[in-house]
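J.: Input upload-v9.cif, format and content: mmCIF, C-alpha atoms.
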data_final
#
loop_
_atom_site.group_PDB
_atom_site.id
_atom_site.type_symbol
_atom_site.label_atom_id
_atom_site.label_comp_id
_atom_site.auth_asym_id
_atom_site.auth_seq_id
_atom_site.Cartn_x
_atom_site.Cartn_y
_atom_site.Cartn_z
ATOM 1 C CA MET Q 23 191.523 101.125 187.097
ATOM 2 C CA ASP Q 24 191.320 104.759 188.156
ATOM 3 C CA LEU Q 25 188.070 105.328 189.975
ATOM 4 C CA ALA Q 26 188.321 109.094 190.302
ATOM 5 C CA TYR Q 27 190.393 111.925 188.931
ATOM 6 C CA ILE Q 28 190.117 115.508 187.715
ATOM 7 C CA PRO Q 29 189.858 115.569 183.910
ATOM 8 C CA SER Q 30 191.736 118.113 181.841
ATOM 9 C CA PRO Q 31 190.041 120.074 179.045
ATOM 10 C CA SER Q 32 190.463 118.555 175.617
ATOM 11 C CA THR Q 33 191.456 122.014 174.403
ATOM 12 C CA GLY Q 34 192.235 125.372 175.946
ATOM 13 C CA VAL Q 35 190.865 127.311 172.985
ATOM 14 C CA ILE Q 36 187.368 127.739 171.595
ATOM 15 C CA ASN Q 37 187.245 129.256 168.134
ATOM 16 C CA LEU Q 38 184.369 131.682 167.717
ATOM 17 C CA GLY Q 39 184.640 132.080 163.964
ATOM 18 C CA PRO Q 40 188.011 133.719 163.302
ATOM 19 C CA ILE Q 41 188.344 134.771 166.965
ATOM 20 C CA PRO Q 42 190.086 132.330 169.349
ATOM 21 C CA LEU Q 43 188.746 132.401 172.914
ATOM 22 C CA ARG Q 44 191.487 131.138 175.220
ATOM 23 C CA GLY Q 45 190.728 129.760 178.653
ATOM 24 C CA TYR Q 46 194.032 131.023 180.065
ATOM 25 C CA ALA Q 47 193.290 134.599 179.008
ATOM 26 C CA PHE Q 48 189.738 134.399 180.373
ATOM 27 C CA CYS Q 49 191.006 133.339 183.790
ATOM 28 C CA ILE Q 50 193.469 136.243 183.897
ATOM 29 C CA ILE Q 51 190.823 138.766 182.813
ATOM 30 C CA ILE Q 52 188.213 137.509 185.284
ATOM 31 C CA GLY Q 53 190.818 137.598 188.056
ATOM 32 C CA VAL Q 54 191.649 141.236 187.275
ATOM 33 C CA PHE Q 55 187.977 142.224 187.373
ATOM 34 C CA VAL Q 56 187.467 140.485 190.721
ATOM 35 C CA ALA Q 57 190.545 142.182 192.188
ATOM 36 C CA VAL Q 58 189.402 145.633 191.051
ATOM 37 C CA TRP Q 59 185.801 145.082 192.173
ATOM 38 C CA TYR Q 60 186.698 143.847 195.644
ATOM 39 C CA GLY Q 61 189.525 146.351 196.006
ATOM 40 C CA ASN Q 62 187.065 149.135 195.211
ATOM 41 C CA LYS Q 63 184.716 147.963 197.975
ATOM 42 C CA ARG Q 64 187.544 147.909 200.496
ATOM 43 C CA TRP Q 65 188.848 151.295 199.340
ATOM 44 C CA ILE Q 66 185.453 152.940 199.804
ATOM 45 C CA ALA Q 67 185.164 151.352 203.256
ATOM 46 C CA ARG Q 68 188.527 152.934 204.142
ATOM 47 C CA GLY Q 69 187.238 156.384 203.173
ATOM 48 C CA GLY Q 70 188.282 156.554 199.523
ATOM 49 C CA THR Q 71 186.135 157.389 196.517
ATOM 50 C CA ALA Q 72 184.583 154.964 194.036
ATOM 51 C CA GLY Q 73 186.556 154.480 190.846
ATOM 52 C CA THR Q 74 189.969 155.263 192.304
ATOM 53 C CA VAL Q 75 191.052 151.617 192.410
ATOM 54 C CA ALA Q 76 190.100 151.127 188.769
ATOM 55 C CA ASP Q 77 191.898 154.303 187.720
ATOM 56 C CA ILE Q 78 195.123 153.153 189.347
ATOM 57 C CA ALA Q 79 194.647 149.611 188.009
ATOM 58 C CA VAL Q 80 194.885 151.086 184.507
ATOM 59 C CA TRP Q 81 198.547 151.628 185.364
ATOM 60 C CA ALA Q 82 199.163 148.611 187.586
ATOM 61 C CA VAL Q 83 197.686 145.839 185.410
ATOM 62 C CA PRO Q 84 199.694 146.456 182.210
ATOM 63 C CA PHE Q 85 202.883 146.871 184.234
ATOM 64 C CA GLY Q 86 202.061 143.661 186.106
ATOM 65 C CA LEU Q 87 201.489 141.652 182.920
ATOM 66 C CA VAL Q 88 204.764 142.859 181.448
ATOM 67 C CA GLY Q 89 206.615 142.154 184.692
ATOM 68 C CA GLY Q 90 205.118 138.696 185.031
ATOM 69 C CA ARG Q 91 206.073 137.785 181.480
ATOM 70 C CA LEU Q 92 209.590 139.200 181.822
ATOM 71 C CA TYR Q 93 210.226 137.175 184.977
ATOM 72 C CA HIS Q 94 209.069 133.994 183.269
ATOM 73 C CA VAL Q 95 211.104 134.575 180.108
ATOM 74 C CA ILE Q 96 214.249 135.518 182.040
ATOM 75 C CA THR Q 97 214.099 132.586 184.460
ATOM 76 C CA ASP Q 98 213.109 130.092 181.742
ATOM 77 C CA TYR Q 99 215.098 131.596 178.895
ATOM 78 C CA GLN Q 100 216.023 128.142 177.567
ATOM 79 C CA LEU Q 101 212.415 127.680 176.434
ATOM 80 C CA TYR Q 102 212.770 130.558 173.987
ATOM 81 C CA PHE Q 103 216.425 131.250 173.236
ATOM 82 C CA SER Q 104 218.119 127.855 173.199
ATOM 83 C CA GLU Q 105 218.925 125.949 170.025
ATOM 84 C CA GLY Q 106 215.848 124.811 168.141
ATOM 85 C CA GLU Q 107 213.493 127.201 169.956
ATOM 86 C CA ASN Q 108 211.735 130.211 168.439
ATOM 87 C CA TRP Q 109 212.353 133.448 170.365
ATOM 88 C CA VAL Q 110 209.062 134.841 169.013
ATOM 89 C CA ASP Q 111 207.258 132.454 171.378
ATOM 90 C CA ALA Q 112 208.406 134.671 174.251
ATOM 91 C CA PHE Q 113 205.635 137.085 173.241
ATOM 92 C CA LYS Q 114 202.887 134.450 173.187
ATOM 93 C CA ILE Q 115 201.550 135.182 176.633
ATOM 94 C CA TRP Q 116 198.306 133.306 175.920
ATOM 95 C CA GLU Q 117 200.214 130.026 175.927
ATOM 96 C CA GLY Q 118 200.970 130.497 179.621
ATOM 97 C CA GLY Q 119 203.948 131.750 181.540
ATOM 98 C CA LEU Q 120 203.445 134.590 184.030
ATOM 99 C CA GLY Q 121 205.737 134.831 187.033
ATOM 100 C CA ILE Q 122 203.870 136.224 190.029
ATOM 101 C CA TRP Q 123 207.089 137.690 191.445
ATOM 102 C CA GLY Q 124 207.658 139.867 188.389
ATOM 103 C CA ALA Q 125 203.952 140.705 188.148
ATOM 104 C CA ILE Q 126 203.811 142.017 191.722
ATOM 105 C CA ALA Q 127 207.137 143.874 191.468
ATOM 106 C CA LEU Q 128 206.471 145.722 188.218
ATOM 107 C CA GLY Q 129 202.751 146.012 189.002
ATOM 108 C CA ALA Q 130 203.733 147.882 192.151
ATOM 109 C CA VAL Q 131 205.672 150.346 189.996
ATOM 110 C CA GLY Q 132 202.570 150.966 187.899
ATOM 111 C CA ALA Q 133 200.447 151.356 191.032
ATOM 112 C CA TRP Q 134 202.987 153.815 192.448
ATOM 113 C CA ILE Q 135 202.716 155.945 189.304
ATOM 114 C CA GLY Q 136 198.912 155.890 189.497
ATOM 115 C CA CYS Q 137 198.926 156.736 193.203
ATOM 116 C CA ARG Q 138 201.287 159.669 192.724
ATOM 117 C CA ARG Q 139 199.062 161.092 190.008
ATOM 118 C CA ARG Q 140 196.135 161.094 192.458
ATOM 119 C CA GLY Q 141 198.061 162.048 195.589
ATOM 120 C CA ILE Q 142 197.360 158.732 197.307
ATOM 121 C CA PRO Q 143 199.774 156.811 199.600
ATOM 122 C CA LEU Q 144 200.782 153.556 197.911
ATOM 123 C CA PRO Q 145 200.760 151.483 201.164
ATOM 124 C CA ALA Q 146 197.093 152.339 201.815
ATOM 125 C CA TYR Q 147 196.168 151.373 198.257
ATOM 126 C CA ALA Q 148 198.141 148.133 198.544
ATOM 127 C CA ASP Q 149 196.309 147.219 201.766
ATOM 128 C CA ALA Q 150 192.948 147.736 200.068
ATOM 129 C CA ILE Q 151 193.669 145.533 197.061
ATOM 130 C CA ALA Q 152 195.685 142.779 198.803
ATOM 131 C CA PRO Q 153 192.833 140.261 199.293
ATOM 132 C CA GLY Q 154 191.595 140.956 195.772
ATOM 133 C CA ILE Q 155 195.012 140.116 194.336
ATOM 134 C CA ALA Q 156 194.958 136.792 196.194
ATOM 135 C CA LEU Q 157 191.524 136.025 194.730
ATOM 136 C CA ALA Q 158 192.773 137.017 191.275
ATOM 137 C CA GLN Q 159 195.614 134.529 191.644
ATOM 138 C CA ALA Q 160 193.161 131.841 192.741
ATOM 139 C CA ILE Q 161 191.145 132.383 189.570
ATOM 140 C CA GLY Q 162 194.172 132.818 187.328
ATOM 141 C CA ARG Q 163 195.612 129.448 188.372
ATOM 142 C CA TRP Q 164 192.753 127.752 186.545
ATOM 143 C CA GLY Q 165 194.344 129.026 183.357
ATOM 144 C CA ASN Q 166 197.055 126.416 183.978
ATOM 145 C CA TRP Q 167 194.335 123.765 184.025
ATOM 146 C CA PHE Q 168 193.183 124.830 180.558
ATOM 147 C CA ASN Q 169 196.769 124.657 179.292
ATOM 148 C CA GLN Q 170 197.586 121.391 181.125
ATOM 149 C CA GLU Q 171 200.728 122.860 182.679
ATOM 150 C CA LEU Q 172 202.458 123.278 186.032
ATOM 151 C CA TYR Q 173 201.135 120.015 187.460
ATOM 152 C CA GLY Q 174 202.910 118.083 190.203
ATOM 153 C CA LYS Q 175 204.360 114.646 190.763
ATOM 154 C CA PRO Q 176 202.524 111.449 189.768
ATOM 155 C CA THR Q 177 199.871 110.366 192.277
ATOM 156 C CA ASP Q 178 196.988 107.927 192.639
ATOM 157 C CA LEU Q 179 194.929 110.160 194.915
ATOM 158 C CA PRO Q 180 191.237 110.479 194.001
ATOM 159 C CA TRP Q 181 191.716 114.153 193.145
ATOM 160 C CA ALA Q 182 194.638 113.476 190.805
ATOM 161 C CA LEU Q 183 194.773 115.494 187.605
ATOM 162 C CA LYS Q 184 194.624 113.546 184.358
ATOM 163 C CA ILE Q 185 197.107 114.889 181.809
ATOM 164 C CA THR Q 186 196.909 113.902 178.154
ATOM 165 C CA GLU Q 187 199.976 113.196 176.070
ATOM 166 C CA SER Q 188 201.562 115.832 173.856
ATOM 167 C CA ALA Q 189 204.969 116.796 172.537
ATOM 168 C CA ASN Q 190 205.988 118.338 175.883
ATOM 169 C CA ARG Q 191 204.272 116.079 178.410
ATOM 170 C CA GLU Q 192 203.521 112.464 179.239
ATOM 171 C CA ALA Q 193 200.037 111.170 179.874
ATOM 172 C CA GLY Q 194 199.246 110.188 183.446
ATOM 173 C CA LEU Q 195 197.767 111.211 186.776
ATOM 174 C CA TYR Q 196 199.538 113.995 188.647
ATOM 175 C CA HIS Q 197 199.120 116.252 191.657
ATOM 176 C CA PRO Q 198 196.854 119.187 190.646
ATOM 177 C CA THR Q 199 199.210 121.866 191.949
ATOM 178 C CA PHE Q 200 197.116 124.517 190.184
ATOM 179 C CA LEU Q 201 194.189 123.500 192.410
ATOM 180 C CA TYR Q 202 196.313 123.422 195.556
ATOM 181 C CA GLU Q 203 197.599 126.921 194.931
ATOM 182 C CA SER Q 204 194.147 128.197 193.959
ATOM 183 C CA LEU Q 205 192.654 126.989 197.240
ATOM 184 C CA TRP Q 206 195.637 128.328 199.166
ATOM 185 C CA CYS Q 207 195.151 131.780 197.632
ATOM 186 C CA VAL Q 208 191.488 131.788 198.678
ATOM 187 C CA GLY Q 209 192.648 130.992 202.208
ATOM 188 C CA VAL Q 210 195.186 133.824 202.029
ATOM 189 C CA ALA Q 211 192.446 136.275 201.035
ATOM 190 C CA VAL Q 212 190.293 135.158 203.975
ATOM 191 C CA LEU Q 213 193.267 135.451 206.353
ATOM 192 C CA VAL Q 214 194.096 138.991 205.231
ATOM 193 C CA VAL Q 215 190.479 140.167 205.538
ATOM 194 C CA TRP Q 216 190.186 138.658 209.018
ATOM 195 C CA ALA Q 217 193.513 140.050 210.244
ATOM 196 C CA ASP Q 218 192.756 143.469 208.772
ATOM 197 C CA ARG Q 219 189.459 143.649 210.662
ATOM 198 C CA ARG Q 220 190.877 142.196 213.865
ATOM 199 C CA PHE Q 221 194.112 144.214 214.101
ATOM 200 C CA LYS Q 222 193.300 147.275 211.935
ATOM 201 C CA LEU Q 223 196.315 146.756 209.697
ATOM 202 C CA GLY Q 224 197.650 149.834 207.966
ATOM 203 C CA HIS Q 225 200.659 151.355 206.207
ATOM 204 C CA GLY Q 226 201.090 148.351 203.901
ATOM 205 C CA ARG Q 227 200.960 145.625 206.539
ATOM 206 C CA ALA Q 228 197.860 143.932 205.094
ATOM 207 C CA PHE Q 229 199.655 143.667 201.759
ATOM 208 C CA ALA Q 230 202.798 142.361 203.449
ATOM 209 C CA LEU Q 231 200.707 139.714 205.231
ATOM 210 C CA TYR Q 232 199.278 138.631 201.877
ATOM 211 C CA VAL Q 233 202.801 138.354 200.437
ATOM 212 C CA ALA Q 234 204.115 136.355 203.412
ATOM 213 C CA ALA Q 235 201.137 133.977 203.481
ATOM 214 C CA TYR Q 236 201.286 133.383 199.739
ATOM 215 C CA CYS Q 237 205.013 132.658 199.865
ATOM 216 C CA ALA Q 238 204.500 130.105 202.631
ATOM 217 C CA GLY Q 239 202.090 128.188 200.416
ATOM 218 C CA ARG Q 240 204.187 128.606 197.282
ATOM 219 C CA VAL Q 241 207.095 126.764 198.905
ATOM 220 C CA TRP Q 242 205.237 123.475 199.264
ATOM 221 C CA THR Q 243 203.299 123.671 195.987
ATOM 222 C CA GLU Q 244 206.551 124.464 194.170
ATOM 223 C CA TYR Q 245 208.142 121.421 195.786
ATOM 224 C CA LEU Q 246 205.500 119.171 194.182
ATOM 225 C CA ARG Q 247 205.979 120.472 190.647
ATOM 226 C CA VAL Q 248 207.902 118.460 188.055
ATOM 227 C CA ASP Q 249 208.198 120.989 185.232
ATOM 228 C CA GLU Q 250 211.673 122.072 184.206
ATOM 229 C CA ALA Q 251 213.240 124.737 186.430
ATOM 230 C CA HIS Q 252 216.610 126.093 187.507
ATOM 231 C CA HIS Q 253 217.954 124.771 190.812
ATOM 232 C CA ILE Q 254 220.208 126.434 193.378
ATOM 233 C CA LEU Q 255 221.694 124.234 196.140
ATOM 234 C CA GLY Q 256 219.167 121.557 195.294
ATOM 235 C CA LEU Q 257 216.096 123.810 195.513
ATOM 236 C CA ARG Q 258 214.056 125.262 192.677
ATOM 237 C CA LEU Q 259 214.642 128.938 191.951
ATOM 238 C CA ASN Q 260 211.048 129.831 192.849
ATOM 239 C CA VAL Q 261 211.456 128.175 196.250
ATOM 240 C CA TRP Q 262 214.412 130.420 197.036
ATOM 241 C CA THR Q 263 212.476 133.424 195.779
ATOM 242 C CA ALA Q 264 209.515 132.542 197.996
ATOM 243 C CA ILE Q 265 211.742 132.144 201.068
ATOM 244 C CA ILE Q 266 213.528 135.465 200.520
ATOM 245 C CA VAL Q 267 210.318 137.394 199.808
ATOM 246 C CA PHE Q 268 208.654 135.785 202.847
ATOM 247 C CA LEU Q 269 211.449 136.981 205.133
ATOM 248 C CA LEU Q 270 211.313 140.486 203.648
ATOM 249 C CA ALA Q 271 207.538 140.667 204.123
ATOM 250 C CA VAL Q 272 207.685 139.527 207.750
ATOM 251 C CA THR Q 273 210.519 141.973 208.460
ATOM 252 C CA TYR Q 274 208.454 144.799 206.993
ATOM 253 C CA ILE Q 275 205.441 143.899 209.161
ATOM 254 C CA VAL Q 276 207.537 143.949 212.352
ATOM 255 C CA ILE Q 277 209.440 147.167 211.602
ATOM 256 C CA SER Q 278 206.411 148.991 210.193
ATOM 257 C CA ALA Q 279 204.293 148.149 213.240
ATOM 258 C CA ARG Q 280 206.925 149.737 215.495
ATOM 259 C CA ILE Q 281 207.592 152.822 213.397
ATOM 260 C CA ARG Q 282 204.037 153.552 212.206
ATOM 261 C CA PRO Q 283 201.487 151.754 214.404
ATOM 262 C CA GLY Q 284 197.797 151.905 213.675
ATOM 263 C CA ARG Q 285 196.077 152.663 210.407
ATOM 264 C CA GLU Q 286 195.924 155.731 208.161
ATOM 265 C CA GLU Q 287 193.049 158.040 209.080
ATOM 266 C CA ILE Q 288 192.933 159.592 205.605
ATOM 267 C CA VAL Q 289 193.634 157.414 202.541
ATOM 268 C CA GLU Q 290 192.485 159.823 199.841
ATOM 269 C CA PRO Q 291 192.988 163.538 200.552
ATOM 270 C CA LYS Q 292 190.771 164.494 197.623
ATOM 271 C CA ALA Q 293 187.834 162.621 199.151
ATOM 272 C CA GLU Q 294 188.459 164.296 202.503
ATOM 273 C CA LYS Q 295 188.544 167.752 200.903
ATOM 274 C CA ALA Q 296 185.327 166.998 199.054
ATOM 275 C CA GLY Q 297 183.667 166.127 202.351
ATOM 276 C CA GLU Q 298 184.943 169.298 203.981
ATOM 277 C CA THR Q 299 183.735 171.404 201.041
ATOM 278 C CA ALA Q 300 180.307 169.844 201.277
ATOM 279 C CA GLY Q 301 180.275 170.596 204.993
ATOM 280 C CA VAL Q 302 181.232 174.227 204.394
ATOM 281 C CA GLU Q 303 178.514 174.648 201.769
ATOM 282 C CA GLN Q 304 175.966 173.130 204.111
ATOM 283 C CA SER Q 305 177.119 175.479 206.882
ATOM 284 C CA ASP Q 306 176.805 178.477 204.562
ATOM 285 C CA ASP Q 307 173.287 177.452 203.629
ATOM 286 C CA ASP Q 308 172.384 177.204 207.293
ATOM 287 C CA ASP Q 309 173.818 180.678 207.902
ATOM 288 C CA VAL Q 310 171.708 182.097 205.094
ATOM 289 C CA VAL Q 311 168.590 180.546 206.524
ATOM 290 C CA ASP Q 312 169.474 181.753 210.002
ATOM 291 C CA GLY Q 313 170.238 185.204 208.636
ATOM 292 C CA GLU Q 314 166.878 185.445 206.964
ATOM 293 C CA THR Q 315 165.207 184.424 210.174
ATOM 294 C CA GLU Q 316 167.193 186.902 212.210
ATOM 295 C CA ASP Q 317 166.572 189.700 209.709
ATOM 296 C CA ALA Q 318 162.872 188.954 209.594
ATOM 297 C CA THR Q 319 162.488 189.007 213.366
ATOM 298 C CA PRO Q 320 163.528 192.640 213.933
ATOM 299 C CA ASP Q 321 161.381 193.771 211.023
ATOM 300 C CA ALA Q 322 158.387 192.036 212.486
ATOM 301 C CA GLU Q 323 159.098 193.483 215.901
ATOM 302 C CA SER Q 324 159.478 196.995 214.402
ATOM 303 C CA ALA Q 325 156.203 196.644 212.521
ATOM 304 C CA ALA Q 326 154.460 195.508 215.663
ATOM 305 C CA ASP Q 327 155.869 198.420 217.650
ATOM 306 C CA THR Q 328 154.749 200.850 214.913
ATOM 307 C CA ASP Q 329 151.245 199.418 214.931
ATOM 308 C CA VAL Q 330 151.068 199.728 218.691
ATOM 309 C CA GLU Q 331 152.277 203.319 218.583
ATOM 310 C CA HIS Q 332 149.788 204.248 215.852
ATOM 311 C CA GLY Q 333 147.005 202.553 217.726
ATOM 312 C CA ALA Q 334 147.850 204.400 220.924
ATOM 313 C CA GLY Q 335 147.965 207.707 219.059
ATOM 314 C CA ASN Q 336 144.624 207.142 217.400
ATOM 315 C CA GLY Q 337 143.100 206.207 220.703
ATOM 316 C CA ALA Q 338 144.403 209.383 222.355
ATOM 317 C CA GLY Q 339 143.044 211.514 219.485
ATOM 318 C CA SER Q 340 139.614 210.036 219.730
ATOM 319 C CA ALA Q 341 139.560 210.637 223.457
ATOM 320 C CA ALA Q 342 140.451 214.312 222.948
ATOM 321 C CA LYS Q 343 137.689 214.763 220.406
ATOM 322 C CA GLY Q 344 135.107 213.252 222.734
#
If you convert what's in this file into structure tokens, what do you get?
T.:
Amino acid sequence: MDLAYIPSPSTGVINLGPIPLRGYAFCIIIGVFVAVWYGNKRWIARGGTAGTVADIAVWAVPFGLVGGRLYHVITDYQLYFSEGENWVDAFKIWEGGLGIWGAIALGAVGAWIGCRRRGIPLPAYADAIAPGIALAQAIGRWGNWFNQELYGKPTDLPWALKITESANREAGLYHPTFLYESLWCVGVAVLVVWADRRFKLGHGRAFALYVAAYCAGRVWTEYLRVDEAHHILGLRLNVWTAIIVFLLAVTYIVISARIRPGREEIVEPKAEKAGETAGVEQSDDDDVVDGETEDATPDAESAADTDVEHGAGNGAGSAAKG
């Protein structure tokens, strides 16, 4: 008898009249909002203006969703284009299937477009949103729980995930890899925030640290999974991807630290110019006030001198008359 386990939802969809509310979509949406909200706080702390992160996210998020879906469809093409499968299902993103590698890659293209439009360096923007992306992934992984997908090997641990039977899965207790990765991503966010404060990471190194740390965790969670995947030299494709991306991220951190040490002093030129303009206006106002004071002083002194002269003259006249 199983004394403890994590239950799975009986359904991943709640129908609100004719409108289906899908748990997977909710997790993705909430994750995006958290990433933008926290990224905005970090951007302002770095000297940027409020709203910039959201403006660039308008470009990055759609690109990221498309990239994530493309990576999944390309690497698991047999689910949609093999005999007996319906290729239309490739567009049903709400049923699950977003590859983080494609989401980050194409999302970066969208962010680059948004940054160029605002004259902002992409590495500085990436550093600001890095922990928020990790938190978004932590939240988004719960979408897999709603869909009962991407679980690991069978286990009798007390935190095992109970999976119900369906056409594509067998009932049983499995490793909750969605939970493992969710907790790992929270740890990655904490690590990046700590390292950024401790070492003043800049020029994209905070983002690279997030990528490297996430990849390290993805290797072991991927190893536990039992869903169908392509293998190369005995390892799952996503394991190889994680290893390669990890090495690239670490290499970038090392080289970047040597070439461009420290952190950017100005992350948003427009915000800096606005501050300078405000300072100039304040200085002009002070000059006007000072000018009025200076102009008033000679006038007062002239009036006083005139009064003294008139007084002396009147006094002399009176003396002559007497």
J.: Identify all residues satisfying the PyMOL selection byres ((chain Q and resi 158) around 8) in the given file; provide them as an NGL selection string.
T.: :Q and (50 or 52-54 or 56-57 or 154-157 or 159-162)
J.: So which residues get picked by the PyMOL selection byres ((chain Q and resi 236) around 12) here, written as a ChimeraX atom specification?
T.: /Q:122-123,152-153,155-157,159-160,202-214,229-235,237-244,261,263-265,267-268,271-272
J.: Kindly indicate which residue among Q:His197, Q:Arg64, Q:Arg139, Q:Lys184 lies nearest to Q:Leu172, using all atoms listed in the file for the distances.
T.: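 Selected residue with least distance to Q:Leu172: Q:His197.
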J.: Could you write out as a PDB file with C-alpha atoms, in the coordinates of the input the residues that the PyMOL selection byres ((chain Q and resi 48) around 12) matches in the shown file?
T.:
ATOM      1  CA  GLY Q  34     192.235 125.372 175.946  1.00  0.00           C
ATOM      2  CA  VAL Q  35     190.865 127.311 172.985  1.00  0.00           C
ATOM      3  CA  ILE Q  36     187.368 127.739 171.595  1.00  0.00           C
ATOM      4  CA  PRO Q  42     190.086 132.330 169.349  1.00  0.00           C
ATOM      5  CA  LEU Q  43     188.746 132.401 172.914  1.00  0.00           C
ATOM      6  CA  ARG Q  44     191.487 131.138 175.220  1.00  0.00           C
ATOM      7  CA  GLY Q  45     190.728 129.760 178.653  1.00  0.00           C
ATOM      8  CA  TYR Q  46     194.032 131.023 180.065  1.00  0.00           C
ATOM      9  CA  ALA Q  47     193.290 134.599 179.008  1.00  0.00           C
ATOM     10  CA  CYS Q  49     191.006 133.339 183.790  1.00  0.00           C
ATOM     11  CA  ILE Q  50     193.469 136.243 183.897  1.00  0.00           C
ATOM     12  CA  ILE Q  51     190.823 138.766 182.813  1.00  0.00           C
ATOM     13  CA  ILE Q  52     188.213 137.509 185.284  1.00  0.00           C
ATOM     14  CA  GLY Q  53     190.818 137.598 188.056  1.00  0.00           C
ATOM     15  CA  VAL Q  54     191.649 141.236 187.275  1.00  0.00           C
ATOM     16  CA  PHE Q  55     187.977 142.224 187.373  1.00  0.00           C
ATOM     17  CA  TRP Q 116     198.306 133.306 175.920  1.00  0.00           C
ATOM     18  CA  GLY Q 118     200.970 130.497 179.621  1.00  0.00           C
ATOM     19  CA  ALA Q 158     192.773 137.017 191.275  1.00  0.00           C
ATOM     20  CA  ILE Q 161     191.145 132.383 189.570  1.00  0.00           C
ATOM     21  CA  GLY Q 162     194.172 132.818 187.328  1.00  0.00           C
ATOM     22  CA  ARG Q 163     195.612 129.448 188.372  1.00  0.00           C
ATOM     23  CA  TRP Q 164     192.753 127.752 186.545  1.00  0.00           C
ATOM     24  CA  GLY Q 165     194.344 129.026 183.357  1.00  0.00           C
ATOM     25  CA  ASN Q 166     197.055 126.416 183.978  1.00  0.00           C
ATOM     26  CA  PHE Q 168     193.183 124.830 180.558  1.00  0.00           C
TER      27      PHE Q 168
END
J.: Which centre and which edge lengths, in Å to one decimal, describe the axis-aligned box that holds all listed atoms of stretch 77-80 of chain Q after 8 Å is added on each side, as JSON?
T.:
{"center_x": 193.5, "center_y": 152.0, "center_z": 186.9, "size_x": 19.2, "size_y": 20.7, "size_z": 20.8}
J.: Atom CA of Q:Tyr60 to atom CA of Q:Trp167: how many Å, to one decimal?
T.: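 Result for atom CA of Q:Tyr60 versus atom CA of Q:Trp167: 24.4 Å, one decimal.
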J.: As a compact mmCIF listing (two decimals) with C-alpha atoms, in the coordinates of the input, please: the residues near stretch 95-103 of chain Q (cut-off 8 Å, only C-alpha atoms, same-chain neighbours under 4 positions excluded).
T.:
# COMPACT_ATOMS: atom_id res chain seq x y z
CA ARG Q 91 206.07 137.78 181.48
CA GLU Q 107 213.49 127.20 169.96
CA ASN Q 108 211.74 130.21 168.44
CA TRP Q 109 212.35 133.45 170.36
CA VAL Q 110 209.06 134.84 169.01
CA ASP Q 111 207.26 132.45 171.38
CA ALA Q 112 208.41 134.67 174.25
CA GLY Q 119 203.95 131.75 181.54
CA ALA Q 251 213.24 124.74 186.43
CA HIS Q 252 216.61 126.09 187.51
J.: Find the spatial neighbours of stretch 67-83 of chain Q, counting all atoms listed in the file, within a cut-off of 9 Å - ignore same-chain residues fewer than 3 positions away - and output them as a PDB file with C-alpha atoms, in the coordinates of the input.
T.:
ATOM      1  CA  VAL Q  54     191.649 141.236 187.275  1.00  0.00           C
ATOM      2  CA  VAL Q  58     189.402 145.633 191.051  1.00  0.00           C
ATOM      3  CA  TRP Q  59     185.801 145.082 192.173  1.00  0.00           C
ATOM      4  CA  GLY Q  61     189.525 146.351 196.006  1.00  0.00           C
ATOM      5  CA  ASN Q  62     187.065 149.135 195.211  1.00  0.00           C
ATOM      6  CA  LYS Q  63     184.716 147.963 197.975  1.00  0.00           C
ATOM      7  CA  ARG Q  64     187.544 147.909 200.496  1.00  0.00           C
ATOM      8  CA  GLY Q  86     202.061 143.661 186.106  1.00  0.00           C
ATOM      9  CA  LEU Q  87     201.489 141.652 182.920  1.00  0.00           C
ATOM     10  CA  VAL Q  88     204.764 142.859 181.448  1.00  0.00           C
ATOM     11  CA  ALA Q 125     203.952 140.705 188.148  1.00  0.00           C
ATOM     12  CA  LEU Q 128     206.471 145.722 188.218  1.00  0.00           C
ATOM     13  CA  GLY Q 129     202.751 146.012 189.002  1.00  0.00           C
ATOM     14  CA  ALA Q 130     203.733 147.882 192.151  1.00  0.00           C
ATOM     15  CA  VAL Q 131     205.672 150.346 189.996  1.00  0.00           C
ATOM     16  CA  GLY Q 132     202.570 150.966 187.899  1.00  0.00           C
ATOM     17  CA  ALA Q 133     200.447 151.356 191.032  1.00  0.00           C
ATOM     18  CA  TRP Q 134     202.987 153.815 192.448  1.00  0.00           C
ATOM     19  CA  ILE Q 135     202.716 155.945 189.304  1.00  0.00           C
ATOM     20  CA  GLY Q 136     198.912 155.890 189.497  1.00  0.00           C
ATOM     21  CA  CYS Q 137     198.926 156.736 193.203  1.00  0.00           C
ATOM     22  CA  ARG Q 139     199.062 161.092 190.008  1.00  0.00           C
ATOM     23  CA  ARG Q 140     196.135 161.094 192.458  1.00  0.00           C
ATOM     24  CA  ALA Q 146     197.093 152.339 201.815  1.00  0.00           C
ATOM     25  CA  TYR Q 147     196.168 151.373 198.257  1.00  0.00           C
ATOM     26  CA  ALA Q 150     192.948 147.736 200.068  1.00  0.00           C
ATOM     27  CA  ILE Q 151     193.669 145.533 197.061  1.00  0.00           C
ATOM     28  CA  GLU Q 286     195.924 155.731 208.161  1.00  0.00           C
ATOM     29  CA  GLU Q 287     193.049 158.040 209.080  1.00  0.00           C
ATOM     30  CA  ILE Q 288     192.933 159.592 205.605  1.00  0.00           C
ATOM     31  CA  VAL Q 289     193.634 157.414 202.541  1.00  0.00           C
ATOM     32  CA  GLU Q 290     192.485 159.823 199.841  1.00  0.00           C
ATOM     33  CA  PRO Q 291     192.988 163.538 200.552  1.00  0.00           C
ATOM     34  CA  LYS Q 292     190.771 164.494 197.623  1.00  0.00           C
ATOM     35  CA  ALA Q 293     187.834 162.621 199.151  1.00  0.00           C
ATOM     36  CA  GLU Q 294     188.459 164.296 202.503  1.00  0.00           C
TER      37      GLU Q 294
END
